[in-house]
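> Let me give you the structure first, and then I'll get to my questions.
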Amino acid sequence: PGLTVAVFAIFFYGHKITIWRTVVSRTFINLAINIALNTYWLSNLYGEAYRVLLIERFVKNIALLPVEAILLYFVLNAFKKVLEKAGYR
């Protein structure tokens, strides 16, 4: 979770929430963290072949990327509206 939060902070803190930012942030998280790093850690932890895990995780993350990006966009905008009503900028 720490790396994911840091990536979201880099992409969204002090910036306007746009569909472009959500797609780019989710793409970076899916490729760099979910596919590359998590697959490496799982292969070391369980002793399975990196390439076998990589193929499965790549397909799953690419398939879910549009859904995750669109959901993230709507959730962040809804959360922003709630915060604005509560008096935050």
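Ligands are numbered from 1 in the order shown, chains are lettered A, B, ... in the order of the structure tokens, and residues start at 1 in each chain.
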Which residues, written as a VMD selection string, have at least one atom at most 8 Å from A:Asn30, with only C-alpha atoms counted and residues fewer than 3 positions away on the same chain left out?

chain A and resid 26 to 27 33 to 35 61 to 62 65

> Show which residues sit within 12 Å of A:Asn38, as a list in words. Count only C-alpha atoms, and ignore same-chain residues fewer than 5 positions away.

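Within the cut-off, the hits are Pro1, Leu3, Thr4, Ile29, Asn30, Leu31, Ala32, Ile33, Ser43, Asn44, Leu45, Tyr46, Tyr50, Leu53, Leu54, Arg57, Phe58 and Asn61 of chain A.
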
> As a PDB file with N, CA, C and O atoms, in the first residue's frame, please: the residues near A:Val23 (cut-off 12 Å, only C-alpha atoms, same-chain neighbours under 2 positions excluded).


ATOM      1  N   PHE A   8      -0.164   7.782  -5.982  1.00  0.00           N
ATOM      2  CA  PHE A   8      -1.365   8.623  -6.016  1.00  0.00           C
ATOM      3  C   PHE A   8      -1.044  10.044  -5.560  1.00  0.00           C
ATOM      4  O   PHE A   8      -1.555  11.009  -6.120  1.00  0.00           O
ATOM      5  N   PHE A  11       0.643  11.936  -8.400  1.00  0.00           N
ATOM      6  CA  PHE A  11      -0.233  12.267  -9.523  1.00  0.00           C
ATOM      7  C   PHE A  11      -1.367  13.221  -9.155  1.00  0.00           C
ATOM      8  O   PHE A  11      -1.829  13.972 -10.008  1.00  0.00           O
ATOM      9  N   PHE A  12      -1.852  13.202  -7.908  1.00  0.00           N
ATOM     10  CA  PHE A  12      -3.076  13.937  -7.607  1.00  0.00           C
ATOM     11  C   PHE A  12      -2.924  15.079  -6.601  1.00  0.00           C
ATOM     12  O   PHE A  12      -3.764  15.970  -6.585  1.00  0.00           O
ATOM     13  N   ILE A  17      -8.259  16.670 -10.788  1.00  0.00           N
ATOM     14  CA  ILE A  17      -8.546  15.270 -11.086  1.00  0.00           C
ATOM     15  C   ILE A  17      -9.110  15.197 -12.500  1.00  0.00           C
ATOM     16  O   ILE A  17     -10.185  15.719 -12.775  1.00  0.00           O
ATOM     17  N   THR A  18      -8.355  14.558 -13.385  1.00  0.00           N
ATOM     18  CA  THR A  18      -8.799  14.387 -14.772  1.00  0.00           C
ATOM     19  C   THR A  18      -8.756  12.906 -15.125  1.00  0.00           C
ATOM     20  O   THR A  18      -8.081  12.117 -14.461  1.00  0.00           O
ATOM     21  N   ILE A  19      -9.467  12.559 -16.173  1.00  0.00           N
ATOM     22  CA  ILE A  19      -9.469  11.163 -16.621  1.00  0.00           C
ATOM     23  C   ILE A  19      -8.066  10.774 -17.070  1.00  0.00           C
ATOM     24  O   ILE A  19      -7.629   9.644 -16.854  1.00  0.00           O
ATOM     25  N   TRP A  20      -7.334  11.717 -17.665  1.00  0.00           N
ATOM     26  CA  TRP A  20      -5.974  11.448 -18.112  1.00  0.00           C
ATOM     27  C   TRP A  20      -5.076  11.088 -16.932  1.00  0.00           C
ATOM     28  O   TRP A  20      -4.320  10.127 -16.990  1.00  0.00           O
ATOM     29  N   ARG A  21      -5.161  11.850 -15.851  1.00  0.00           N
ATOM     30  CA  ARG A  21      -4.343  11.560 -14.664  1.00  0.00           C
ATOM     31  C   ARG A  21      -4.694  10.212 -14.047  1.00  0.00           C
ATOM     32  O   ARG A  21      -3.815   9.498 -13.566  1.00  0.00           O
ATOM     33  N   SER A  25      -1.985   7.227 -13.854  1.00  0.00           N
ATOM     34  CA  SER A  25      -1.615   6.727 -12.529  1.00  0.00           C
ATOM     35  C   SER A  25      -1.926   5.242 -12.381  1.00  0.00           C
ATOM     36  O   SER A  25      -1.114   4.477 -11.863  1.00  0.00           O
ATOM     37  N   ARG A  26      -3.099   4.817 -12.847  1.00  0.00           N
ATOM     38  CA  ARG A  26      -3.451   3.390 -12.763  1.00  0.00           C
ATOM     39  C   ARG A  26      -2.543   2.560 -13.660  1.00  0.00           C
ATOM     40  O   ARG A  26      -2.154   1.448 -13.298  1.00  0.00           O
ATOM     41  N   THR A  27      -2.171   3.075 -14.831  1.00  0.00           N
ATOM     42  CA  THR A  27      -1.264   2.351 -15.718  1.00  0.00           C
ATOM     43  C   THR A  27       0.089   2.163 -15.047  1.00  0.00           C
ATOM     44  O   THR A  27       0.659   1.064 -15.066  1.00  0.00           O
ATOM     45  N   PHE A  28       0.606   3.218 -14.434  1.00  0.00           N
ATOM     46  CA  PHE A  28       1.891   3.111 -13.748  1.00  0.00           C
ATOM     47  C   PHE A  28       1.815   2.124 -12.593  1.00  0.00           C
ATOM     48  O   PHE A  28       2.700   1.291 -12.416  1.00  0.00           O
ATOM     49  N   ILE A  29       0.754   2.209 -11.799  1.00  0.00           N
ATOM     50  CA  ILE A  29       0.603   1.298 -10.666  1.00  0.00           C
ATOM     51  C   ILE A  29       0.475  -0.143 -11.151  1.00  0.00           C
ATOM     52  O   ILE A  29       1.115  -1.050 -10.607  1.00  0.00           O
ATOM     53  N   ASN A  30      -0.343  -0.363 -12.169  1.00  0.00           N
ATOM     54  CA  ASN A  30      -0.524  -1.728 -12.674  1.00  0.00           C
ATOM     55  C   ASN A  30       0.768  -2.298 -13.255  1.00  0.00           C
ATOM     56  O   ASN A  30       1.105  -3.444 -12.993  1.00  0.00           O
ATOM     57  N   LEU A  31       1.479  -1.511 -14.048  1.00  0.00           N
ATOM     58  CA  LEU A  31       2.689  -2.024 -14.694  1.00  0.00           C
ATOM     59  C   LEU A  31       3.870  -2.116 -13.730  1.00  0.00           C
ATOM     60  O   LEU A  31       4.518  -3.161 -13.640  1.00  0.00           O
ATOM     61  N   ILE A  62      -3.987  -5.793 -17.223  1.00  0.00           N
ATOM     62  CA  ILE A  62      -4.335  -5.072 -18.448  1.00  0.00           C
ATOM     63  C   ILE A  62      -5.843  -5.113 -18.673  1.00  0.00           C
ATOM     64  O   ILE A  62      -6.453  -4.122 -19.087  1.00  0.00           O
ATOM     65  N   LEU A  64      -8.198  -5.299 -16.405  1.00  0.00           N
ATOM     66  CA  LEU A  64      -8.901  -4.482 -15.410  1.00  0.00           C
ATOM     67  C   LEU A  64      -8.525  -3.003 -15.435  1.00  0.00           C
ATOM     68  O   LEU A  64      -9.164  -2.193 -14.766  1.00  0.00           O
ATOM     69  N   LEU A  65      -7.521  -2.646 -16.190  1.00  0.00           N
ATOM     70  CA  LEU A  65      -7.055  -1.255 -16.214  1.00  0.00           C
ATOM     71  C   LEU A  65      -8.147  -0.245 -16.561  1.00  0.00           C
ATOM     72  O   LEU A  65      -8.316   0.734 -15.831  1.00  0.00           O
ATOM     73  N   PRO A  66      -8.927  -0.424 -17.615  1.00  0.00           N
ATOM     74  CA  PRO A  66      -9.966   0.582 -17.918  1.00  0.00           C
ATOM     75  C   PRO A  66     -11.014   0.693 -16.816  1.00  0.00           C
ATOM     76  O   PRO A  66     -11.433   1.796 -16.469  1.00  0.00           O
ATOM     77  N   VAL A  67     -11.408  -0.429 -16.255  1.00  0.00           N
ATOM     78  CA  VAL A  67     -12.413  -0.426 -15.188  1.00  0.00           C
ATOM     79  C   VAL A  67     -11.884   0.308 -13.962  1.00  0.00           C
ATOM     80  O   VAL A  67     -12.568   1.163 -13.383  1.00  0.00           O
ATOM     81  N   GLU A  68     -10.650  -0.002 -13.569  1.00  0.00           N
ATOM     82  CA  GLU A  68     -10.047   0.644 -12.403  1.00  0.00           C
ATOM     83  C   GLU A  68      -9.868   2.145 -12.605  1.00  0.00           C
ATOM     84  O   GLU A  68     -10.114   2.942 -11.694  1.00  0.00           O
ATOM     85  N   ALA A  69      -9.467   2.545 -13.796  1.00  0.00           N
ATOM     86  CA  ALA A  69      -9.247   3.968 -14.071  1.00  0.00           C
ATOM     87  C   ALA A  69     -10.555   4.748 -14.032  1.00  0.00           C
ATOM     88  O   ALA A  69     -10.629   5.834 -13.445  1.00  0.00           O
ATOM     89  N   ILE A  70     -11.598   4.202 -14.630  1.00  0.00           N
ATOM     90  CA  ILE A  70     -12.895   4.891 -14.644  1.00  0.00           C
ATOM     91  C   ILE A  70     -13.484   4.965 -13.230  1.00  0.00           C
ATOM     92  O   ILE A  70     -13.970   6.012 -12.806  1.00  0.00           O
ATOM     93  N   LEU A  71     -13.413   3.862 -12.500  1.00  0.00           N
ATOM     94  CA  LEU A  71     -13.909   3.871 -11.116  1.00  0.00           C
ATOM     95  C   LEU A  71     -13.137   4.859 -10.257  1.00  0.00           C
ATOM     96  O   LEU A  71     -13.731   5.582  -9.450  1.00  0.00           O
ATOM     97  N   LEU A  72     -11.818   4.882 -10.412  1.00  0.00           N
ATOM     98  CA  LEU A  72     -10.999   5.815  -9.643  1.00  0.00           C
ATOM     99  C   LEU A  72     -11.391   7.261  -9.942  1.00  0.00           C
ATOM    100  O   LEU A  72     -11.510   8.078  -9.027  1.00  0.00           O
ATOM    101  N   TYR A  73     -11.617   7.572 -11.201  1.00  0.00           N
ATOM    102  CA  TYR A  73     -12.007   8.929 -11.591  1.00  0.00           C
ATOM    103  C   TYR A  73     -13.310   9.350 -10.907  1.00  0.00           C
ATOM    104  O   TYR A  73     -13.393  10.425 -10.315  1.00  0.00           O
TER     105      TYR A  73
END

> Would you compute the distance between atom CA of A:Gly2 and atom CA of A:Leu37? Give it in Å to one decimal.

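Taking atom CA of A:Gly2 and atom CA of A:Leu37, their separation equals 12.8 Å.
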
> Using Å and a single decimal, report how far atom CA of A:Ala6 sits from atom CA of A:Ala49.

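So the two atoms, atom CA of A:Ala49 and atom CA of A:Ala6, lie 28.7 Å apart.
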